[in-house]
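upload_36.txt follows (compact mmCIF, C-alpha atoms and all ligand atoms):
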# COMPACT_ATOMS: atom_id res chain seq x y z
CA MET B 1 11.68 33.08 -36.78
CA ALA B 2 15.39 33.20 -35.92
CA ASP B 3 16.90 34.63 -39.15
CA GLY B 4 14.79 32.26 -41.24
CA LYS B 5 16.58 29.25 -39.78
CA ARG B 6 13.94 27.36 -37.87
CA VAL B 7 13.92 23.65 -38.68
CA LEU B 8 11.26 21.11 -37.73
CA ILE B 9 12.58 17.59 -37.32
CA VAL B 10 9.93 14.89 -37.18
CA GLY B 11 11.22 11.84 -35.31
CA PHE B 12 13.39 11.59 -32.24
CA GLY B 13 15.50 8.64 -33.42
CA LEU B 14 19.18 8.51 -34.33
CA ALA B 15 18.58 10.40 -37.59
CA GLY B 16 16.42 13.09 -35.96
CA MET B 17 18.79 13.79 -33.11
CA SER B 18 21.84 13.77 -35.40
CA ALA B 19 20.12 16.31 -37.66
CA ALA B 20 19.23 18.51 -34.69
CA ILE B 21 22.86 18.55 -33.56
CA SER B 22 24.41 19.11 -36.99
CA LEU B 23 21.97 21.86 -37.98
CA GLN B 24 22.27 23.63 -34.66
CA LYS B 25 26.03 23.72 -35.23
CA ALA B 26 25.28 25.30 -38.63
CA GLY B 27 23.29 28.07 -36.94
CA TRP B 28 19.76 26.65 -37.13
CA GLU B 29 17.11 26.46 -34.42
CA PRO B 30 15.91 22.83 -34.24
CA VAL B 31 12.53 21.69 -32.92
CA ILE B 32 11.96 17.93 -32.73
CA VAL B 33 8.50 16.40 -32.55
CA GLU B 34 8.09 12.74 -31.60
CA ARG B 35 4.99 10.58 -31.61
CA ALA B 36 6.07 8.43 -28.64
CA PRO B 37 5.43 9.66 -25.10
CA GLY B 38 9.14 9.51 -24.14
CA ARG B 39 12.61 8.28 -24.99
CA ARG B 40 13.38 4.71 -26.10
CA ARG B 41 16.21 3.06 -24.23
CA GLY B 42 18.06 -0.26 -24.54
CA GLY B 43 16.98 -2.29 -27.51
CA TYR B 44 18.88 -4.41 -29.93
CA PHE B 45 22.53 -4.87 -30.87
CA VAL B 46 23.91 -2.30 -33.31
CA GLY B 47 27.25 -2.62 -35.09
CA PHE B 48 28.67 0.86 -35.53
CA PHE B 49 30.88 1.16 -38.63
CA PRO B 50 33.93 3.39 -39.25
CA GLU B 51 31.88 5.82 -41.40
CA GLY B 52 29.52 6.22 -38.45
CA LYS B 53 32.42 6.85 -36.08
CA LYS B 54 33.66 9.59 -38.37
CA ALA B 55 30.20 11.19 -38.47
CA ALA B 56 29.82 10.88 -34.69
CA LYS B 57 33.13 12.69 -34.24
CA ALA B 58 31.95 15.47 -36.55
CA LEU B 59 28.77 15.73 -34.47
CA GLY B 60 30.83 15.90 -31.27
CA VAL B 61 29.04 12.88 -29.78
CA PHE B 62 31.57 10.09 -30.24
CA ASP B 63 33.02 10.44 -26.73
CA LYS B 64 29.50 10.24 -25.30
CA PHE B 65 28.84 6.79 -26.75
CA HIS B 66 29.10 3.86 -24.41
CA PHE B 67 30.32 0.98 -26.58
CA ARG B 68 30.03 -2.59 -25.39
CA THR B 69 32.42 -4.22 -27.86
CA PRO B 70 33.49 -7.46 -26.17
CA LYS B 71 37.22 -8.14 -25.86
CA GLY B 72 38.61 -11.49 -27.02
CA THR B 73 35.26 -12.48 -28.46
CA GLU B 74 34.87 -15.52 -30.73
CA THR B 75 31.95 -16.39 -32.97
CA TRP B 76 30.71 -19.94 -33.50
CA ASP B 77 28.81 -21.06 -36.55
CA ILE B 78 26.65 -23.91 -35.26
CA ARG B 79 26.01 -26.61 -37.80
CA PRO B 80 22.87 -28.79 -37.87
CA ASN B 81 24.77 -31.71 -36.27
CA GLY B 82 25.78 -29.47 -33.37
CA ASP B 83 29.40 -28.93 -34.49
CA ARG B 84 30.73 -25.49 -33.63
CA LEU B 85 32.90 -23.97 -36.32
CA TRP B 86 35.06 -21.01 -35.40
CA SER B 87 33.96 -18.24 -37.77
CA PRO B 88 34.31 -14.55 -38.45
CA GLY B 89 31.59 -12.67 -36.57
CA PHE B 90 29.79 -9.42 -37.26
CA LEU B 91 32.46 -7.38 -35.45
CA ASP B 92 35.32 -9.09 -37.34
CA GLN B 93 34.72 -7.15 -40.52
CA PRO B 94 37.95 -5.40 -41.57
CA ALA B 95 38.92 -2.25 -39.70
CA ASP B 96 39.46 1.14 -41.25
CA GLU B 97 42.99 2.54 -41.03
CA GLU B 98 41.81 5.87 -39.65
CA GLN B 99 38.71 4.97 -37.64
CA GLY B 100 39.54 1.44 -36.47
CA GLY B 101 37.08 -1.46 -36.33
CA ILE B 102 33.35 -1.80 -35.85
CA GLU B 103 32.03 -1.13 -32.36
CA GLY B 104 29.17 -2.97 -30.72
CA ALA B 105 26.45 -1.16 -28.76
CA LEU B 106 22.77 -1.23 -28.01
CA ARG B 107 20.63 1.13 -30.04
CA GLY B 108 19.83 2.90 -26.77
CA ASP B 109 23.54 3.54 -26.11
CA LEU B 110 23.77 5.58 -29.30
CA GLU B 111 20.48 7.30 -28.51
CA GLU B 112 21.75 8.22 -25.03
CA GLY B 113 25.03 9.62 -26.41
CA LEU B 114 23.20 11.80 -28.93
CA TRP B 115 20.78 12.93 -26.24
CA GLN B 116 23.63 14.10 -23.99
CA VAL B 117 24.37 16.74 -26.62
CA ALA B 118 20.90 17.27 -28.13
CA LYS B 119 19.16 18.00 -24.81
CA ASP B 120 20.95 21.34 -24.46
CA ILE B 121 20.50 22.58 -27.99
CA CYS B 122 16.98 21.75 -29.15
CA THR B 123 13.36 21.62 -28.10
CA VAL B 124 11.71 18.19 -28.03
CA ARG B 125 7.95 17.73 -27.94
CA PHE B 126 6.78 14.20 -27.29
CA ASN B 127 3.26 12.95 -28.14
CA THR B 128 3.31 15.21 -31.18
CA VAL B 129 2.77 14.38 -34.86
CA PRO B 130 2.45 16.42 -38.04
CA CYS B 131 -0.93 16.26 -39.76
CA ALA B 132 -0.57 18.81 -42.58
CA ILE B 133 2.41 20.37 -44.33
CA ASP B 134 2.00 23.35 -46.62
CA GLU B 135 4.94 25.14 -48.25
CA ARG B 136 4.55 28.85 -49.10
CA GLY B 137 7.62 30.62 -50.46
CA ASP B 138 10.43 30.44 -47.93
CA VAL B 139 8.20 29.03 -45.25
CA VAL B 140 6.70 25.63 -44.50
CA ASN B 141 3.55 25.74 -42.36
CA VAL B 142 3.06 22.56 -40.39
CA ARG B 143 -0.07 21.60 -38.49
CA LEU B 144 1.00 19.68 -35.40
CA ARG B 145 -1.28 17.55 -33.24
CA ASP B 146 -0.72 16.78 -29.58
CA ILE B 147 -1.93 13.18 -29.49
CA ALA B 148 -2.36 13.25 -25.72
CA ASN B 149 -5.12 15.88 -25.82
CA GLY B 150 -5.94 16.27 -29.53
CA ALA B 151 -4.96 19.97 -29.59
CA GLU B 152 -3.71 21.25 -32.96
CA THR B 153 -1.49 24.23 -33.73
CA THR B 154 0.10 25.51 -36.93
CA GLU B 155 3.71 26.64 -36.85
CA SER B 156 6.08 27.97 -39.50
CA PHE B 157 9.52 26.61 -40.30
CA ASN B 158 12.15 27.21 -42.97
CA LEU B 159 13.01 23.55 -43.36
CA VAL B 160 11.26 20.29 -42.43
CA ILE B 161 13.17 17.04 -41.96
CA GLY B 162 11.25 13.77 -42.07
CA ALA B 163 13.29 11.51 -39.80
CA ASP B 164 10.27 9.51 -38.74
CA GLY B 165 11.37 6.03 -39.74
CA VAL B 166 10.21 3.43 -42.25
CA ARG B 167 6.51 4.19 -41.83
CA SER B 168 7.04 7.94 -42.14
CA THR B 169 4.11 10.33 -41.90
CA VAL B 170 6.06 13.21 -43.45
CA ARG B 171 6.66 11.04 -46.51
CA ASP B 172 2.95 10.09 -46.63
CA ILE B 173 1.92 13.76 -46.56
CA VAL B 174 4.51 15.23 -48.92
CA PHE B 175 5.54 12.43 -51.29
CA GLY B 176 2.50 10.17 -51.45
CA PRO B 177 1.20 6.82 -50.22
CA ARG B 178 3.72 4.63 -48.41
CA GLU B 179 2.99 1.64 -50.68
CA LYS B 180 5.01 3.45 -53.36
CA PHE B 181 8.13 3.55 -51.22
CA ILE B 182 8.07 0.71 -48.70
CA LYS B 183 9.24 -2.58 -50.21
CA PRO B 184 8.64 -5.68 -48.07
CA VAL B 185 11.61 -8.01 -47.90
CA ASN B 186 9.46 -11.02 -46.91
CA SER B 187 11.35 -11.48 -43.67
CA MET B 188 10.58 -11.07 -40.00
CA ILE B 189 12.74 -10.14 -37.04
CA CYS B 190 12.49 -10.59 -33.33
CA ALA B 191 15.29 -8.94 -31.33
CA PHE B 192 15.76 -8.67 -27.59
CA GLU B 193 18.25 -8.43 -24.76
CA MET B 194 18.85 -11.58 -22.73
CA ASP B 195 18.47 -11.27 -18.96
CA ALA B 196 21.05 -13.97 -18.34
CA PRO B 197 23.90 -15.56 -20.31
CA ILE B 198 23.11 -18.43 -22.64
CA PRO B 199 23.84 -21.84 -21.15
CA THR B 200 26.80 -23.67 -22.77
CA LEU B 201 28.17 -20.43 -24.26
CA GLU B 202 31.04 -18.29 -22.95
CA ALA B 203 29.67 -14.83 -22.07
CA ARG B 204 32.07 -13.09 -24.47
CA ASP B 205 31.23 -15.35 -27.43
CA GLY B 206 28.63 -15.07 -30.16
CA ILE B 207 26.84 -17.66 -32.22
CA MET B 208 25.04 -17.92 -35.49
CA ILE B 209 22.71 -20.69 -36.53
CA CYS B 210 21.94 -19.92 -40.13
CA GLU B 211 19.68 -22.42 -41.86
CA VAL B 212 17.68 -22.04 -45.05
CA ASP B 213 14.96 -19.42 -44.36
CA ARG B 214 15.63 -19.05 -40.61
CA ALA B 215 18.51 -17.86 -38.48
CA LEU B 216 19.46 -17.05 -34.94
CA TRP B 217 22.30 -14.72 -34.03
CA VAL B 218 23.63 -14.09 -30.54
CA PHE B 219 25.66 -10.90 -30.17
CA PRO B 220 27.82 -10.73 -27.04
CA LEU B 221 28.36 -7.46 -25.17
CA SER B 222 31.23 -6.54 -22.88
CA ASP B 223 29.22 -5.63 -19.79
CA LYS B 224 25.76 -7.12 -20.22
CA PRO B 225 24.21 -10.44 -21.19
CA PRO B 226 24.05 -10.85 -24.98
CA THR B 227 21.32 -9.80 -27.35
CA VAL B 228 19.49 -12.18 -29.66
CA LEU B 229 18.31 -11.66 -33.21
CA LEU B 230 15.89 -14.12 -34.76
CA THR B 231 15.14 -13.63 -38.41
CA TRP B 232 13.15 -15.81 -40.77
CA ARG B 233 11.78 -15.58 -44.29
CA VAL B 234 8.04 -15.59 -44.93
CA ASP B 235 5.66 -15.58 -47.91
CA ASP B 236 3.25 -13.17 -46.29
CA ASP B 237 4.12 -10.69 -43.51
CA ASP B 238 0.52 -10.17 -42.39
CA SER B 239 0.13 -13.79 -41.27
CA GLN B 240 2.92 -13.21 -38.75
CA PHE B 241 0.90 -10.69 -36.77
CA THR B 242 -2.20 -12.75 -36.02
CA ARG B 243 -0.71 -14.59 -33.01
CA ARG B 244 1.54 -13.87 -30.03
CA PRO B 245 5.14 -13.36 -31.24
CA ILE B 246 6.44 -16.08 -28.93
CA ASP B 247 3.99 -18.59 -30.45
CA VAL B 248 5.11 -17.69 -33.97
CA VAL B 249 8.77 -17.95 -33.00
CA ARG B 250 8.34 -21.33 -31.27
CA GLU B 251 6.58 -22.65 -34.35
CA VAL B 252 9.17 -21.30 -36.84
CA TYR B 253 12.08 -22.88 -34.92
CA GLY B 254 10.05 -25.83 -33.63
CA ASP B 255 11.91 -28.58 -35.52
CA SER B 256 15.39 -27.12 -34.96
CA PRO B 257 17.98 -29.67 -33.82
CA HIS B 258 19.31 -27.12 -31.27
CA LYS B 259 16.40 -27.57 -28.87
CA ARG B 260 18.24 -27.06 -25.57
CA MET B 261 19.82 -23.74 -26.50
CA LEU B 262 16.74 -22.41 -28.26
CA GLY B 263 14.53 -23.50 -25.36
CA ALA B 264 16.57 -21.38 -22.93
CA ILE B 265 16.43 -18.38 -25.26
CA PHE B 266 12.70 -18.65 -25.98
CA ASP B 267 11.88 -19.03 -22.27
CA GLN B 268 13.55 -15.67 -21.69
CA LEU B 269 11.64 -14.12 -24.61
CA GLU B 270 8.37 -15.44 -23.21
CA ARG B 271 8.96 -13.62 -19.91
CA LYS B 272 9.44 -10.26 -21.65
CA GLY B 273 6.71 -7.66 -21.54
CA GLU B 274 5.49 -5.31 -24.25
CA GLY B 275 8.29 -2.94 -25.34
CA GLU B 276 11.03 -5.27 -24.08
CA TYR B 277 11.49 -6.91 -27.46
CA LEU B 278 11.19 -5.88 -31.09
CA TYR B 279 8.97 -7.94 -33.36
CA ASP B 280 8.46 -6.63 -36.87
CA SER B 281 8.50 -7.31 -40.57
CA VAL B 282 11.60 -6.23 -42.51
CA ASN B 283 11.02 -3.50 -45.08
CA LYS B 284 13.28 -1.39 -47.18
CA VAL B 285 12.50 2.13 -48.32
CA GLN B 286 13.30 3.31 -51.83
CA MET B 287 12.57 6.85 -53.00
CA ASP B 288 13.58 8.41 -56.32
CA ARG B 289 13.98 11.76 -54.55
CA TRP B 290 14.61 12.50 -50.92
CA HIS B 291 13.57 16.14 -51.01
CA LYS B 292 10.71 18.22 -52.33
CA GLY B 293 10.88 21.99 -51.86
CA ARG B 294 11.97 22.58 -48.27
CA VAL B 295 11.02 19.13 -47.01
CA VAL B 296 13.77 16.53 -46.86
CA MET B 297 13.75 12.90 -45.75
CA LEU B 298 16.57 11.42 -43.68
CA GLY B 299 17.57 8.02 -42.27
CA ASP B 300 15.25 5.01 -42.47
CA ALA B 301 12.40 7.27 -43.66
CA ALA B 302 14.39 8.04 -46.81
CA TRP B 303 16.49 4.96 -47.59
CA CYS B 304 16.04 2.17 -45.06
CA LEU B 305 18.52 -0.51 -46.13
CA THR B 306 17.16 -2.97 -43.54
CA LEU B 307 18.94 -4.37 -40.52
CA TYR B 308 20.88 -6.79 -42.76
CA SER B 309 22.98 -3.87 -44.00
CA GLY B 310 24.17 -2.98 -40.49
CA MET B 311 24.41 0.57 -41.83
CA GLY B 312 21.22 2.21 -40.54
CA ALA B 313 22.76 4.08 -37.61
CA THR B 314 25.92 4.89 -39.55
CA SER B 315 24.06 6.22 -42.60
CA ALA B 316 21.64 8.25 -40.46
CA MET B 317 24.52 10.10 -38.78
CA LYS B 318 26.54 10.47 -41.96
CA GLY B 319 23.44 11.81 -43.75
CA ALA B 320 22.81 14.36 -41.00
CA VAL B 321 26.40 15.62 -40.99
CA GLU B 322 26.49 15.94 -44.77
CA LEU B 323 23.11 17.67 -44.85
CA ALA B 324 24.31 20.42 -42.50
CA ASP B 325 27.57 20.71 -44.46
CA ALA B 326 25.67 21.14 -47.74
CA ILE B 327 23.41 23.76 -46.20
CA ALA B 328 26.41 25.65 -44.82
CA ALA B 329 28.09 25.47 -48.24
CA SER B 330 25.16 27.19 -50.00
CA PRO B 331 24.12 30.00 -47.71
CA GLY B 332 20.74 31.44 -48.67
CA ASP B 333 20.02 28.73 -51.24
CA ILE B 334 18.42 25.84 -49.41
CA LEU B 335 17.06 24.18 -52.55
CA ARG B 336 20.52 23.98 -54.07
CA ALA B 337 21.91 22.68 -50.78
CA LEU B 338 19.34 19.86 -50.70
CA ARG B 339 20.11 18.96 -54.31
CA ASP B 340 23.85 18.88 -53.64
CA TRP B 341 23.38 16.87 -50.45
CA GLU B 342 21.26 14.28 -52.21
CA ALA B 343 23.71 13.98 -55.12
CA GLY B 344 26.55 13.42 -52.65
CA MET B 345 24.73 10.92 -50.44
CA ARG B 346 23.09 8.73 -53.11
CA PRO B 347 26.21 6.81 -54.24
CA PHE B 348 26.88 5.71 -50.65
CA ILE B 349 23.34 4.41 -50.21
CA ARG B 350 23.33 2.80 -53.67
CA LYS B 351 26.56 0.95 -52.87
CA HIS B 352 25.19 -0.34 -49.58
CA ARG B 353 21.90 -1.39 -51.16
CA ILE B 354 23.85 -3.73 -53.40
CA ILE B 355 26.08 -5.02 -50.59
CA THR B 356 22.98 -5.59 -48.45
CA MET B 357 21.60 -8.15 -50.91
CA MET B 358 24.66 -10.30 -50.19
CA LYS B 359 24.66 -9.57 -46.46
CA ALA B 360 21.01 -10.68 -46.22
CA GLU B 361 22.08 -14.11 -47.52
CA VAL B 362 24.80 -14.24 -44.88
CA PHE B 363 22.24 -13.45 -42.18
CA VAL B 364 19.61 -15.87 -43.44
CA PRO B 365 20.21 -17.89 -46.61
CA SER B 366 17.22 -18.18 -48.92
CA SER B 367 18.00 -21.56 -50.56
CA ARG B 368 20.14 -24.66 -50.12
CA LEU B 369 22.52 -23.45 -52.80
CA ARG B 370 22.93 -20.07 -51.12
CA SER B 371 23.38 -21.77 -47.79
CA ARG B 372 26.24 -23.81 -49.27
CA LEU B 373 27.76 -20.67 -50.81
CA ARG B 374 27.45 -18.94 -47.47
CA HIS B 375 29.27 -21.82 -45.84
CA GLN B 376 32.12 -21.52 -48.37
CA LEU B 377 32.26 -17.78 -47.84
CA MET B 378 32.52 -18.23 -44.08
CA ARG B 379 35.36 -20.75 -44.54
CA MET B 380 37.22 -18.22 -46.68
CA GLY B 381 36.48 -15.54 -44.08
CA THR B 382 37.86 -17.82 -41.35
CA ARG B 383 41.12 -18.25 -43.22
CA SER B 384 41.57 -14.51 -43.75
CA LEU B 385 40.62 -13.79 -40.13
CA LEU B 386 43.25 -16.27 -38.98
CA LYS B 387 45.82 -14.60 -41.18
CA ARG B 388 44.84 -11.16 -39.92
CA ARG B 389 45.09 -12.27 -36.28
CA ARG B 390 48.46 -13.89 -36.93
CA ASN B 391 49.74 -10.66 -38.50
CA GLU B 392 48.40 -8.61 -35.59
CA ALA B 393 50.11 -10.93 -33.10
CA CYS B 394 53.39 -10.70 -35.05
CA SER B 395 53.31 -6.91 -35.17
CA ILE B 396 52.60 -6.75 -31.40
CA MET B 397 55.51 -9.12 -30.74
CA SER B 398 57.90 -7.19 -32.97
CA SER B 399 56.93 -3.83 -31.45
CA GLU B 400 57.47 -5.32 -27.96
CA ALA B 401 60.84 -6.67 -29.04
CA ALA B 402 61.80 -3.25 -30.38
C1 LIG T 1 17.09 -5.60 -35.13
C2 LIG T 1 17.81 -4.47 -35.74
C3 LIG T 1 19.19 -4.49 -35.82
C4 LIG T 1 19.88 -3.42 -36.39
N1 LIG T 1 21.22 -3.47 -36.44
C5 LIG T 1 21.90 -2.41 -36.91
C6 LIG T 1 23.32 -2.42 -36.93
O1 LIG T 1 23.96 -3.40 -36.56
N2 LIG T 1 23.95 -1.30 -37.38
C7 LIG T 1 23.26 -0.19 -37.80
O2 LIG T 1 23.89 0.81 -38.16
N3 LIG T 1 21.93 -0.18 -37.83
C8 LIG T 1 21.23 -1.25 -37.39
N4 LIG T 1 19.88 -1.24 -37.42
C9 LIG T 1 19.19 -0.10 -38.04
C10 LIG T 1 19.17 1.13 -37.20
O3 LIG T 1 18.77 0.85 -35.88
C11 LIG T 1 18.19 2.11 -37.85
O4 LIG T 1 18.50 2.24 -39.21
C12 LIG T 1 18.26 3.46 -37.21
O5 LIG T 1 18.04 3.39 -35.83
C13 LIG T 1 17.18 4.32 -37.87
O6 LIG T 1 17.08 5.50 -37.23
P1 LIG T 1 16.00 6.58 -37.71
O7 LIG T 1 16.15 7.71 -36.76
O8 LIG T 1 16.12 6.83 -39.16
O9 LIG T 1 14.57 5.88 -37.54
P2 LIG T 1 13.82 5.38 -36.24
O10 LIG T 1 14.73 4.82 -35.23
O11 LIG T 1 12.71 4.50 -36.73
O12 LIG T 1 13.21 6.70 -35.60
C14 LIG T 1 12.05 7.30 -36.10
C15 LIG T 1 11.37 8.04 -34.97
O13 LIG T 1 10.25 8.74 -35.51
C16 LIG T 1 9.15 8.59 -34.65
N5 LIG T 1 7.94 8.78 -35.45
C17 LIG T 1 7.37 7.92 -36.32
N6 LIG T 1 6.27 8.47 -36.86
C18 LIG T 1 6.14 9.70 -36.32
C19 LIG T 1 5.21 10.75 -36.50
N7 LIG T 1 4.18 10.63 -37.33
N8 LIG T 1 5.38 11.89 -35.80
C20 LIG T 1 6.43 12.02 -34.92
N9 LIG T 1 7.35 11.05 -34.72
C21 LIG T 1 7.21 9.91 -35.43
C22 LIG T 1 9.30 7.17 -34.10
O14 LIG T 1 8.56 7.00 -32.92
C23 LIG T 1 10.81 7.10 -33.89
O15 LIG T 1 11.19 7.58 -32.63
C24 LIG T 1 19.17 -2.31 -36.90
C25 LIG T 1 17.78 -2.27 -36.84
C26 LIG T 1 17.10 -3.34 -36.28
C27 LIG T 1 15.60 -3.29 -36.23
Could I get this file's structure written as structure tokens?
Ligand SMILES: Cc1cc2nc3c(=O)[nH]c(=O)nc-3n(C[C@H](O)[C@H](O)[C@H](O)COP(=O)(O)OP(=O)(O)OC[C@H]3O[C@@H](n4cnc5c(N)ncnc54)[C@H](O)[C@@H]3O)c2cc1C
Amino acid sequence: MADGKRVLIVGFGLAGMSAAISLQKAGWEPVIVERAPGRRRGGYFVGFFPEGKKAAKALGVFDKFHFRTPKGTETWDIRPNGDRLWSPGFLDQPADEEQGGIEGALRGDLEEGLWQVAKDICTVRFNTVPCAIDERGDVVNVRLRDIANGAETTESFNLVIGADGVRSTVRDIVFGPREKFIKPVNSMICAFEMDAPIPTLEARDGIMICEVDRALWVFPLSDKPPTVLLTWRVDDDDSQFTRRPIDVVREVYGDSPHKRMLGAIFDQLERKGEGEYLYDSVNKVQMDRWHKGRVVMLGDAAWCLTLYSGMGATSAMKGAVELADAIAASPGDILRALRDWEAGMRPFIRKHRIITMMKAEVFVPSSRLRSRLRHQLMRMGTRSLLKRRRNEACSIMSSEAA
């Protein structure tokens, strides 16, 4: 074991790869195991926030990211009568002085950027899952199963990171049954990339159709057709998995007044094969503690805030950077490092958990009253966006004049 610094990372997602990179920089030897047979590419639209940009720079991956933030994009809030109201979009959230604005990408773009660095510094074993974790002194013994052939081996590590997503196995084994930690939000999502632009919409523009209990968002990209996010509220998640996703979706939006546009979008969804779209229930993860001994949870496995937060990728990278920093700051005392890391990271997650409750209502209002409040909020947002754009235009004009 290289100087007692061998770390097992379970999960080859954004959190897992970020942890591999940050810990390798801190002198650790990372091994990633992943249940899937290979890498996941493409996927859904991800807004990447300034805090994420800062973390990506610390990881040395920022320049590897291919962003697809559309230039000159406008967002249209489509009302039930078909009126299009110019509105602030997801990417119009205020910029940070140091890091700039939010960037748009596909999840796979971030994955690819991380992989460009991770591939040279860590071992990745696909088709592999943990099935037992046993901590003895400074060492954690992990039984790993190759799910392709059923072979099992036990290996020793000095740290185990559970970065295996909402339905984490590491959490099941070390912290207890998932029912304790996974909290259903009573919502569903279906997200996919369009193969062709949406009729009647400029390629660089986005739309949102946000009605009580159901919404459709179209996120434009600079160099690809847009991605679509459908999200709707439900009483019971299980009932949403008994039929083909396309049949559920057509039923949920069946009486929408925007038949022509939705028809074109759903026809494209219907042509997609398995793995070309994401269809899932929305769940958050809440744990009182993210670490136990030398096992620590990271990313969605630890704190999933849901897609409504828009902070999953950002918080995964920030968490990984801060974890390695805390470990480097307490050499030889991993338990103290994990405690310090958790104490430092919790306020950020707590803050975004609260903000997410409001953001969820912006994505998909849960009552008529909230829908009206959302509408007012968007009007206020439109006014401040106008003001911001006017100020930007003035400062460009005055710097040109100077
Ligand atoms: C539709 C949608 C839109 C989103 N939009 C945004 C956004 O705008 N901005 C943003 O920042 N975030 C967004 N997110 C959230 C963001 O994508 C996630 O928070 C982030 O990707 C989580 O990364 P992760 O590595 O923690 O988990 P995951 O991506 O879930 O990775 C976990 C990995 O662990 C593997 N695994 C699972 N179980 C095992 C096991 N037993 N053994 C080995 N491997 C295992 C899985 O196969 C997977 O590869 C969005 C999410 C969705 C679904």
message = Just want the residues within 6 Å of ligand LIG 1 (chain T), written as a ChimeraX atom specification, counting all atoms listed in the file.
response = /B:10-16,33-36,44-48,128-130,163-165,168-169,191,299-301,307,310-314,316
key: Pairwise distance for atom CA of Leu91 of chain B and atom CA of Arg107 of chain B, rounded to one decimal in Å   =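 Here the two named atoms are 15.5 Å from each other.
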Please report as a tab-separated table every residue of segment 78-132 of chain B lying within 12 Å of segment 50-71 of chain B, along with the nearest atom pair and their distance in Å (one decimal), using only C-alpha atoms.
residue	atom	partner	partner_atom	distance
B:Gly89	CA	B:Pro70	CA	11.8
B:Phe90	CA	B:Thr69	CA	11.1
B:Leu91	CA	B:Thr69	CA	8.2
B:Asp92	CA	B:Thr69	CA	11.0
B:Gln93	CA	B:Pro50	CA	10.6
B:Pro94	CA	B:Pro50	CA	9.9
B:Ala95	CA	B:Pro50	CA	7.5
B:Asp96	CA	B:Pro50	CA	6.3
B:Glu97	CA	B:Pro50	CA	9.3
B:Glu98	CA	B:Pro50	CA	8.3
B:Gln99	CA	B:Pro50	CA	5.3
B:Gly100	CA	B:Pro50	CA	6.6
B:Gly101	CA	B:Pro50	CA	6.5
B:Ile102	CA	B:Pro50	CA	6.2
B:Glu103	CA	B:Thr69	CA	5.5
B:Gly104	CA	B:Thr69	CA	4.5
B:Ala105	CA	B:Phe67	CA	4.9
B:Leu106	CA	B:Arg68	CA	7.8
B:Arg107	CA	B:Phe67	CA	10.3
B:Gly108	CA	B:His66	CA	9.6
B:Asp109	CA	B:His66	CA	5.8
B:Leu110	CA	B:Phe65	CA	5.8
B:Glu111	CA	B:Phe65	CA	8.6
B:Glu112	CA	B:Phe65	CA	7.4
B:Gly113	CA	B:Lys64	CA	4.6
B:Leu114	CA	B:Val61	CA	6.0
B:Trp115	CA	B:Val61	CA	9.0
B:Gln116	CA	B:Lys64	CA	7.1
B:Val117	CA	B:Val61	CA	6.8
B:Ala118	CA	B:Val61	CA	9.4
task = Please identify all polymer residues within 9 Å of Ala19 of chain B, counting all atoms listed in the file, omitting same-chain residues fewer than 6 positions from it, and present them as an NGL selection string.
result = :B and (9 or 30 or 161 or 163 or 298 or 316-317 or 319-321 or 323-324)
message = Residues near Leu262 of chain B, anyone? I mean within 10 Å using only C-alpha atoms, not counting same-chain ones fewer than 5 positions away, as an MDAnalysis selection string.
response = chainID B and resid 198 216 250 253:254 256:257 267:268
task = Would you mind reading off the distance between atom CA of Val160 of chain B and atom CA of Thr123 of chain B, one decimal, in Å?
result = 14.5 Å
inquiry  = Measuring between all atoms listed in the file, which one of B:Lys351, B:Pro37, B:Met188, B:Ile121 shows the shortest distance to Asp146 of chain B?
reply    = B:Pro37
